[in-house]
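One file, target31.cif, carrying mmCIF, C-alpha atoms and all ligand atoms:
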```
data_protein
loop_
_atom_site.label_atom_id
_atom_site.label_comp_id
_atom_site.auth_asym_id
_atom_site.auth_seq_id
_atom_site.Cartn_x
_atom_site.Cartn_y
_atom_site.Cartn_z
CA MET A 1 0.00 0.00 0.00
CA LYS A 2 1.52 3.28 -1.10
CA TYR A 3 -0.33 5.62 1.25
CA PRO A 4 -0.21 5.17 5.02
CA TRP A 5 -3.47 6.87 6.04
CA HIS A 6 -5.88 4.06 5.09
CA GLN A 7 -3.79 1.30 6.62
CA ALA A 8 -5.99 0.82 9.70
CA GLU A 9 -9.13 0.62 7.57
CA LEU A 10 -7.47 -1.96 5.31
CA LEU A 11 -6.49 -4.15 8.26
CA ARG A 12 -10.02 -3.90 9.66
CA LEU A 13 -11.44 -5.02 6.34
CA LEU A 14 -8.99 -7.88 5.92
CA ALA A 15 -9.67 -9.11 9.47
CA SER A 16 -13.19 -9.93 8.31
CA ARG A 17 -12.15 -11.43 4.98
CA ASP A 18 -14.01 -14.70 5.56
CA THR A 19 -17.34 -12.94 5.96
CA MET A 20 -16.67 -10.17 3.47
CA HIS A 21 -19.64 -8.93 1.46
CA HIS A 22 -19.41 -9.93 -2.20
CA ALA A 23 -19.61 -6.31 -3.41
CA LEU A 24 -17.85 -3.39 -1.73
CA LEU A 25 -18.49 0.19 -2.74
CA ILE A 26 -15.29 2.00 -1.80
CA GLU A 27 -16.16 5.68 -1.70
CA GLY A 28 -14.50 8.89 -0.62
CA GLN A 29 -13.31 12.27 -1.78
CA PRO A 30 -11.28 12.32 -5.03
CA GLY A 31 -7.51 12.45 -4.48
CA ILE A 32 -7.25 10.45 -1.24
CA GLY A 33 -6.01 7.16 -2.73
CA LYS A 34 -9.11 4.98 -3.14
CA GLN A 35 -7.55 3.12 -6.08
CA ASP A 36 -4.51 2.24 -3.99
CA PHE A 37 -6.80 0.93 -1.22
CA ALA A 38 -8.76 -1.20 -3.69
CA LEU A 39 -5.59 -2.63 -5.23
CA ALA A 40 -4.17 -3.46 -1.79
CA THR A 41 -7.46 -5.20 -0.93
CA ALA A 42 -7.44 -7.17 -4.19
CA ALA A 43 -3.78 -8.18 -3.72
CA ALA A 44 -4.47 -9.36 -0.17
CA LEU A 45 -7.48 -11.44 -1.22
CA LEU A 46 -5.54 -13.08 -4.05
CA CYS A 47 -2.29 -13.64 -2.11
CA GLU A 48 -1.63 -17.31 -1.37
CA ALA A 49 0.48 -16.69 1.74
CA PRO A 50 -0.96 -13.55 3.40
CA GLY A 51 0.69 -12.23 6.56
CA ALA A 52 -0.86 -12.51 10.02
CA ASP A 53 -2.41 -9.06 9.55
CA GLY A 54 -4.05 -10.24 6.32
CA ARG A 55 -1.98 -8.18 3.89
CA ALA A 56 -0.46 -9.58 0.69
CA CYS A 57 2.99 -11.13 1.18
CA GLY A 58 4.33 -9.59 -2.03
CA GLU A 59 6.42 -12.70 -2.72
CA CYS A 60 4.20 -15.61 -3.67
CA LEU A 61 3.37 -16.57 -7.24
CA ALA A 62 -0.05 -14.86 -7.02
CA CYS A 63 1.50 -11.62 -5.75
CA GLY A 64 3.99 -11.71 -8.63
CA TRP A 65 1.23 -12.12 -11.19
CA PHE A 66 -0.81 -9.40 -9.54
CA ARG A 67 2.10 -6.98 -9.69
CA GLU A 68 2.58 -7.71 -13.39
CA GLY A 69 -1.12 -7.31 -14.07
CA SER A 70 -1.48 -10.91 -15.20
CA HIS A 71 -3.31 -12.67 -12.34
CA PRO A 72 -5.89 -14.89 -14.08
CA ASP A 73 -8.49 -14.38 -11.33
CA PHE A 74 -8.35 -10.58 -11.39
CA ARG A 75 -10.10 -8.16 -13.73
CA TRP A 76 -9.68 -4.38 -13.66
CA VAL A 77 -12.57 -2.71 -15.45
CA ARG A 78 -11.92 0.93 -16.28
CA PRO A 79 -12.54 3.37 -19.12
CA ASP A 80 -10.15 2.94 -22.06
CA ALA A 81 -8.98 6.51 -21.42
CA ASN A 82 -7.62 5.42 -18.02
CA ASP A 83 -6.01 2.21 -19.24
CA PRO A 84 -2.29 2.54 -19.98
CA ASN A 85 -2.49 -0.65 -22.09
CA PHE A 86 -5.22 0.68 -24.34
CA GLU A 87 -4.02 1.00 -27.89
CA ALA A 88 -5.66 3.99 -29.53
CA ARG A 89 -6.79 3.34 -33.06
CA LYS A 90 -7.60 5.81 -35.75
CA ASP A 91 -11.23 4.72 -35.85
CA ARG A 92 -11.78 4.70 -32.11
CA LYS A 93 -10.93 7.28 -29.49
CA PRO A 94 -10.31 5.98 -25.98
CA SER A 95 -13.66 6.11 -24.18
CA ARG A 96 -14.14 7.85 -20.85
CA GLN A 97 -17.03 5.50 -20.13
CA ILE A 98 -17.16 1.91 -18.98
CA ARG A 99 -19.04 0.26 -21.82
CA ILE A 100 -21.55 -2.57 -21.76
CA GLU A 101 -19.14 -4.88 -23.62
CA GLN A 102 -16.75 -4.58 -20.68
CA ILE A 103 -19.49 -5.52 -18.20
CA ARG A 104 -20.64 -8.44 -20.39
CA ALA A 105 -17.09 -9.75 -20.44
CA ILE A 106 -17.22 -9.70 -16.62
CA ALA A 107 -20.36 -11.82 -16.59
CA GLY A 108 -18.45 -14.49 -18.56
CA PHE A 109 -15.50 -14.27 -16.18
CA VAL A 110 -17.78 -14.72 -13.13
CA ASN A 111 -19.28 -17.88 -14.58
CA ILE A 112 -16.04 -19.75 -15.12
CA GLY A 113 -14.15 -21.38 -12.25
CA THR A 114 -11.14 -19.80 -10.58
CA HIS A 115 -7.69 -20.64 -11.84
CA ARG A 116 -6.08 -20.76 -8.42
CA ALA A 117 -8.95 -22.12 -6.31
CA GLY A 118 -9.11 -18.85 -4.40
CA ARG A 119 -11.26 -15.83 -5.01
CA LYS A 120 -11.97 -13.94 -8.20
CA ILE A 121 -11.72 -10.19 -7.86
CA ILE A 122 -13.31 -7.61 -10.12
CA LEU A 123 -12.26 -4.00 -9.67
CA ILE A 124 -14.54 -1.42 -11.31
CA GLU A 125 -13.03 2.02 -11.25
CA PRO A 126 -14.39 4.62 -11.32
CA ALA A 127 -17.77 2.96 -10.94
CA GLU A 128 -19.60 6.16 -11.89
CA ALA A 129 -18.00 5.90 -15.34
CA MET A 130 -20.40 3.05 -16.17
CA ASN A 131 -23.00 4.35 -18.56
CA PRO A 132 -26.61 3.50 -17.62
CA VAL A 133 -26.74 0.45 -19.88
CA ALA A 134 -23.52 -0.88 -18.42
CA ALA A 135 -24.70 -0.24 -14.84
CA ASN A 136 -27.89 -2.09 -15.58
CA ALA A 137 -26.00 -5.06 -16.97
CA LEU A 138 -23.79 -5.14 -13.87
CA LEU A 139 -26.89 -5.28 -11.70
CA LYS A 140 -27.75 -8.74 -12.98
CA THR A 141 -24.27 -10.00 -12.15
CA LEU A 142 -24.38 -8.44 -8.68
CA GLU A 143 -27.73 -10.06 -7.98
CA GLU A 144 -26.46 -13.55 -8.61
CA PRO A 145 -22.92 -13.52 -7.23
CA ALA A 146 -21.07 -16.66 -8.18
CA GLY A 147 -19.21 -18.35 -5.35
CA ASP A 148 -16.06 -16.59 -4.35
CA THR A 149 -16.27 -13.56 -6.59
CA VAL A 150 -15.69 -10.19 -4.92
CA PHE A 151 -16.58 -6.92 -6.62
CA LEU A 152 -14.68 -3.79 -5.63
CA LEU A 153 -16.42 -0.68 -6.94
CA VAL A 154 -14.40 2.51 -6.48
CA CYS A 155 -16.41 5.68 -6.59
CA GLY A 156 -15.79 9.38 -5.94
CA HIS A 157 -19.37 10.44 -6.62
CA PRO A 158 -21.71 7.72 -5.26
CA ASP A 159 -24.76 9.84 -6.09
CA ALA A 160 -23.92 9.36 -9.74
CA LEU A 161 -24.39 5.59 -9.40
CA PRO A 162 -27.88 4.14 -9.83
CA ALA A 163 -29.48 3.51 -6.42
CA THR A 164 -30.08 -0.09 -7.50
CA VAL A 165 -26.32 -0.66 -7.81
CA ARG A 166 -25.53 1.17 -4.55
CA SER A 167 -28.06 -0.86 -2.61
CA ARG A 168 -26.47 -4.15 -3.65
CA CYS A 169 -23.10 -3.15 -2.25
CA ARG A 170 -21.71 -2.81 1.24
CA ARG A 171 -20.58 0.82 1.43
CA LEU A 172 -17.10 1.48 2.72
CA ALA A 173 -16.40 5.20 3.15
CA LEU A 174 -12.71 6.08 3.20
CA ALA A 175 -11.92 9.16 5.27
CA THR A 176 -9.86 12.10 4.12
CA PRO A 177 -6.69 12.04 6.25
CA GLN A 178 -6.14 14.73 8.87
CA ALA A 179 -4.49 17.90 7.64
CA ALA A 180 -1.30 17.77 9.71
CA PRO A 181 -0.11 14.26 8.80
CA ALA A 182 -1.26 14.81 5.20
CA ALA A 183 0.86 17.97 4.99
CA ARG A 184 3.83 16.12 6.44
CA TRP A 185 3.45 13.43 3.79
CA VAL A 186 3.25 16.01 0.98
CA ALA A 187 6.31 17.84 2.37
CA ASP A 188 8.30 14.57 2.40
CA GLN A 189 7.21 13.50 -1.06
CA ALA A 190 7.70 16.86 -2.77
CA GLY A 191 10.76 17.91 -0.77
CA ILE A 192 9.17 21.19 0.32
CA ASP A 193 8.74 22.84 3.72
CA ILE A 194 5.81 21.95 5.93
CA ASP A 195 4.08 25.36 5.74
CA THR A 196 4.04 25.35 1.95
CA ALA A 197 2.76 21.76 2.02
CA ALA A 198 0.02 22.75 4.47
CA GLY A 199 -1.01 25.50 2.04
CA TRP A 200 -1.38 22.95 -0.76
CA ILE A 201 -3.38 20.62 1.49
CA THR A 202 -5.74 23.53 2.15
CA ALA A 203 -6.01 24.31 -1.57
CA ALA A 204 -6.73 20.64 -2.31
CA ALA A 205 -9.53 20.41 0.27
CA GLY A 206 -7.42 17.99 2.26
CA ALA A 207 -6.82 15.46 -0.54
CA PRO A 208 -3.12 14.52 -0.33
CA LEU A 209 -2.73 13.25 -3.90
CA HIS A 210 -4.19 16.44 -5.35
CA ALA A 211 -2.03 18.48 -2.99
CA LEU A 212 1.06 16.61 -4.16
CA ARG A 213 0.27 17.45 -7.79
CA LEU A 214 -0.17 21.09 -6.82
CA ALA A 215 3.13 21.04 -4.96
CA GLU A 216 5.03 20.04 -8.10
CA PRO A 217 6.25 22.99 -10.23
CA THR A 218 3.86 22.28 -13.13
CA GLY A 219 0.93 21.86 -10.72
CA ALA A 220 1.70 25.13 -8.94
CA ALA A 221 1.93 26.96 -12.26
CA ALA A 222 -1.37 25.45 -13.41
CA HIS A 223 -3.06 26.49 -10.17
CA ARG A 224 -1.82 30.07 -10.64
CA ASP A 225 -2.91 30.13 -14.29
CA VAL A 226 -6.41 28.84 -13.58
CA LEU A 227 -6.88 31.39 -10.79
CA ALA A 228 -5.66 34.16 -13.10
CA THR A 229 -8.27 33.08 -15.67
CA LEU A 230 -11.02 33.04 -13.03
CA ALA A 231 -9.96 36.48 -11.81
CA GLY A 232 -11.41 37.93 -15.03
CA ILE A 233 -14.95 36.64 -14.38
CA PRO A 234 -17.51 37.90 -15.27
CA ASP A 235 -15.82 40.16 -17.86
CA ILE A 236 -14.13 37.39 -19.85
CA GLU A 237 -14.34 36.13 -23.38
CA VAL A 238 -15.63 32.63 -22.58
CA VAL A 239 -14.16 30.84 -25.61
CA GLU A 240 -10.70 32.31 -25.03
CA ALA A 241 -10.80 31.71 -21.30
CA ALA A 242 -11.89 28.10 -21.89
CA ALA A 243 -8.94 27.63 -24.22
CA ARG A 244 -6.65 28.73 -21.38
CA LEU A 245 -8.21 26.19 -19.01
CA LEU A 246 -7.85 23.47 -21.63
CA GLN A 247 -4.06 23.66 -21.47
CA PHE A 248 -4.62 21.52 -18.39
CA ASP A 249 -6.60 18.34 -17.94
CA ALA A 250 -9.99 18.53 -16.29
CA ASP A 251 -8.68 16.92 -13.10
CA THR A 252 -6.41 19.95 -12.70
CA TRP A 253 -8.70 22.87 -13.47
CA ILE A 254 -12.08 21.66 -12.20
CA PRO A 255 -11.04 21.43 -8.52
CA VAL A 256 -9.68 25.00 -8.69
CA VAL A 257 -12.97 26.30 -10.13
CA ARG A 258 -14.95 24.47 -7.47
CA ALA A 259 -12.72 25.77 -4.67
CA TRP A 260 -13.10 29.28 -6.08
CA VAL A 261 -16.91 29.09 -6.21
CA THR A 262 -17.14 27.59 -2.71
CA ASP A 263 -14.90 30.33 -1.34
CA LEU A 264 -16.94 33.01 -3.11
CA ALA A 265 -20.02 31.64 -1.35
CA ARG A 266 -18.18 31.69 1.98
CA VAL A 267 -17.11 35.30 1.51
CA LEU A 268 -20.69 36.23 0.62
CA GLY A 269 -21.78 34.55 3.85
CA GLY A 270 -19.26 36.57 5.86
CA ALA A 271 -16.66 33.80 6.35
CA PRO A 272 -13.05 33.80 5.18
CA PRO A 273 -12.09 31.67 2.14
CA ARG A 274 -11.37 28.07 3.06
CA PHE A 275 -9.33 26.88 0.06
CA LEU A 276 -7.89 30.05 -1.44
CA PRO A 277 -6.90 32.42 1.35
CA GLY A 278 -4.69 34.34 -1.12
CA GLU A 279 -7.78 35.28 -3.17
CA HIS A 280 -9.63 36.94 -0.28
CA ALA A 281 -9.46 40.52 -1.61
CA ARG A 282 -10.46 39.54 -5.15
CA LEU A 283 -13.36 37.43 -3.91
CA GLU A 284 -14.60 40.29 -1.73
CA ALA A 285 -14.62 42.61 -4.72
CA LEU A 286 -16.56 40.03 -6.75
CA ALA A 287 -18.99 39.40 -3.91
CA THR A 288 -20.35 42.94 -4.28
CA ARG A 289 -21.52 42.02 -7.79
CA THR A 290 -23.65 38.94 -7.02
CA ARG A 291 -25.81 37.30 -4.35
CA LEU A 292 -25.37 34.27 -2.12
CA ASP A 293 -28.35 32.35 -3.51
CA ARG A 294 -27.01 32.70 -7.05
CA VAL A 295 -23.56 31.48 -6.07
CA LEU A 296 -24.99 28.51 -4.17
CA ARG A 297 -26.96 27.59 -7.26
CA LEU A 298 -23.79 27.94 -9.33
CA GLU A 299 -21.97 25.64 -6.92
CA ALA A 300 -24.65 22.96 -7.27
CA ASP A 301 -24.77 23.42 -11.05
CA ILE A 302 -21.04 22.91 -11.42
CA ALA A 303 -21.09 19.85 -9.17
CA ALA A 304 -23.79 18.31 -11.40
CA THR A 305 -21.86 19.21 -14.56
CA VAL A 306 -18.72 17.62 -13.21
CA VAL A 307 -20.51 14.37 -12.43
CA ALA A 308 -21.97 14.33 -15.96
CA SER A 309 -18.53 15.11 -17.40
CA GLU A 310 -17.11 11.86 -16.03
CA GLN A 311 -18.77 10.30 -19.04
CA SER A 312 -18.20 13.01 -21.57
CA LEU A 313 -15.48 13.31 -24.15
CA ASN A 314 -15.90 16.92 -25.11
CA GLN A 315 -13.56 18.84 -22.84
CA ARG A 316 -13.99 22.13 -24.69
CA LEU A 317 -17.77 22.17 -24.18
CA LEU A 318 -17.25 21.30 -20.54
CA ALA A 319 -14.86 24.23 -19.96
CA GLU A 320 -17.02 26.69 -21.89
CA GLY A 321 -20.16 25.53 -20.06
CA VAL A 322 -18.60 25.91 -16.63
CA LEU A 323 -17.21 29.39 -17.38
CA LEU A 324 -20.50 30.52 -18.90
CA ARG A 325 -22.34 29.48 -15.76
CA CYS A 326 -19.81 31.35 -13.63
CA CYS A 327 -20.34 34.54 -15.65
CA GLU A 328 -24.13 34.18 -15.53
CA ALA A 329 -24.03 34.27 -11.73
CA PHE A 330 -22.98 37.92 -12.02
CA GLU A 331 -25.50 39.08 -14.57
CA PRO A 332 -27.75 41.85 -13.34
ZN ZN B 401 1.44 -13.24 -1.73
#
```
Just dump the structure as structure tokens.
Amino acid sequence: MKYPWHQAELLRLLASRDTMHHALLIEGQPGIGKQDFALATAAALLCEAPGADGRACGECLACGWFREGSHPDFRWVRPDANDPNFEARKDRKPSRQIRIEQIRAIAGFVNIGTHRAGRKIILIEPAEAMNPVAANALLKTLEEPAGDTVFLLVCGHPDALPATVRSRCRRLALATPQAAPAARWVADQAGIDIDTAAGWITAAAGAPLHALRLAEPTGAAAHRDVLATLAGIPDIEVVEAAARLLQFDADTWIPVVRAWVTDLARVLGGAPPRFLPGEHARLEALATRTRLDRVLRLEADIAATVVASEQSLNQRLLAEGVLLRCCEAFEP
């Protein structure tokens, strides 16, 4: 396990491995290491000589296969766009969705026996990337679990999953680590001082992996650039401003926009900014040009857009849509 803060939760889960539910919904804030937790769980369940604490030994044949991505009883279902082994073809762009063909292939896998007489593990990540047809197909498989198959669904936005899928899973909520140890971890990893690291933890809403990206030179520059673009709202040329955001991937610019909107709402409500203390003066100036109810609506709108965007390919429309909504919150 790469990240120390979910260790206790992992050990608790593995202690009950014999009575483990056949479908776990591993949820939590983006950027806290849910994928790492799911992989450590899968490795432990597949390991043929687990330690006394239940974790994978890292040395047996099964652990070796798992590390190489070739364990015959493990399937990792993810959008093509997230799969480093996906070979892009001229006629097909990598999809950001989990498609029904991928879920159908899982049904076949569930119905055959295990290769190693242990468990079969299916990791679906992110689960909210399943389109509705795919989610519906998964439902049938979840309803009739075959023997020792365990489903690990990793999800940053559980509300975006159909309730029928959620209700068939045991929900396991991973906590965001506390700010002080998270900052220490970022400081160690990035080789920066603790105060700077604490600032990035604040900017990342406590998510250490996002904070680490921000702490790297390119991440810091991107954060500055996105804030500079937002500083022009509402008097911006939306198409041009969107083009500036699109220099970065959505995972970089969207959290900055959300932090900015949330902090604008806080300033309107008389509180100091939570994520962007350096923007206090600019946010106060903007606050005189809008109202709290409009900004709260904007915040909800953007959250909904972001969830929808998990399945969308068109990044330009996404950026333009978000900026347009921001500007509209200031219209008289
Ligand atoms: Zn092992």
Point out the residue among A:Pro4, A:Ala42, A:Gln97, A:Glu9 with the least atom-to-atom distance to ligand ZN 401 (chain B), counting only C-alpha atoms and all ligand atoms. A:Ala42
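Near ligand ZN 401 (chain B), the residues found within 6 Å are Cys47, Glu48, Ala49, Pro50, Ala56, Cys57, Gly58, Glu59, Cys60, Ala62 and Cys63 of chain A (criterion computed using all atoms listed in the file).
We find CA of Leu209 (chain A) and CA of Gly51 (chain A) to be spaced 27.8 Å apart.
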Could you give me, as a ChimeraX atom specification, the residues within 8 Å of Leu14 (chain A), counting all atoms listed in the file and dropping anything in the same chain fewer than 6 positions from it? /A:41,44,53-55
Within 6 Å of region 271-284 of chain A, counting only C-alpha atoms, which residues show up once you throw out same-chain ones fewer than 5 positions away? Write them as number ranges by chain, please. A: 202-203, 259, 263-264, 266
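With only C-alpha atoms as the atoms that count, the residue of A:Ala107, A:Val133, A:Ala43, A:Ala211 with the shortest distance to Pro30 (chain A) is A:Ala211.
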Excluding same-chain residues fewer than 3 positions from Trp5 (chain A), what lies within 10 Å of it counting all atoms listed in the file, as a list in words? Met1, Lys2, Ala8, Glu9, Leu10, Ile32, Gly33, Phe37, Leu174, Ala175, Thr176, Pro177, Gln178, Pro181, Ala182, Trp185 and Pro208 of chain A
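Closest approach to Pro72 (chain A) among A:Ile121, A:Leu25, A:Ala241, A:Leu161 is made by A:Ile121 (distances from only C-alpha atoms).
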Using the file's own x, y and z axes, so that the box edges lie along x, y and z, what centre and edge lengths in Å (one decimal) does a box around every listed atom of region 270-281 of chain A get when 5 Å is added on each side? Give it as lines of an AutoDock Vina configuration file.
```
center_x = -12.0
center_y = 33.7
center_z = 1.6
size_x = 24.6
size_y = 23.6
size_z = 19.5
```
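Nearest to Val110 (chain A) of all the residues A:Val77, A:Cys155, A:Val165, A:Val150 is A:Val150, based on all atoms listed in the file.
Closest approach to Ile302 (chain A) from the set A:Gly269, A:Pro217, A:Pro84, A:Pro255 is made by A:Pro255, with distances taken over only C-alpha atoms.
Here CA of Ala179 (chain A) is placed at a distance of 14.1 Å from CA of His6 (chain A).
The nearest approach to Trp260 (chain A) among the residues A:Leu298, A:Leu152, A:Leu142, A:Ala319, with only C-alpha atoms taken into account, belongs to A:Leu298.
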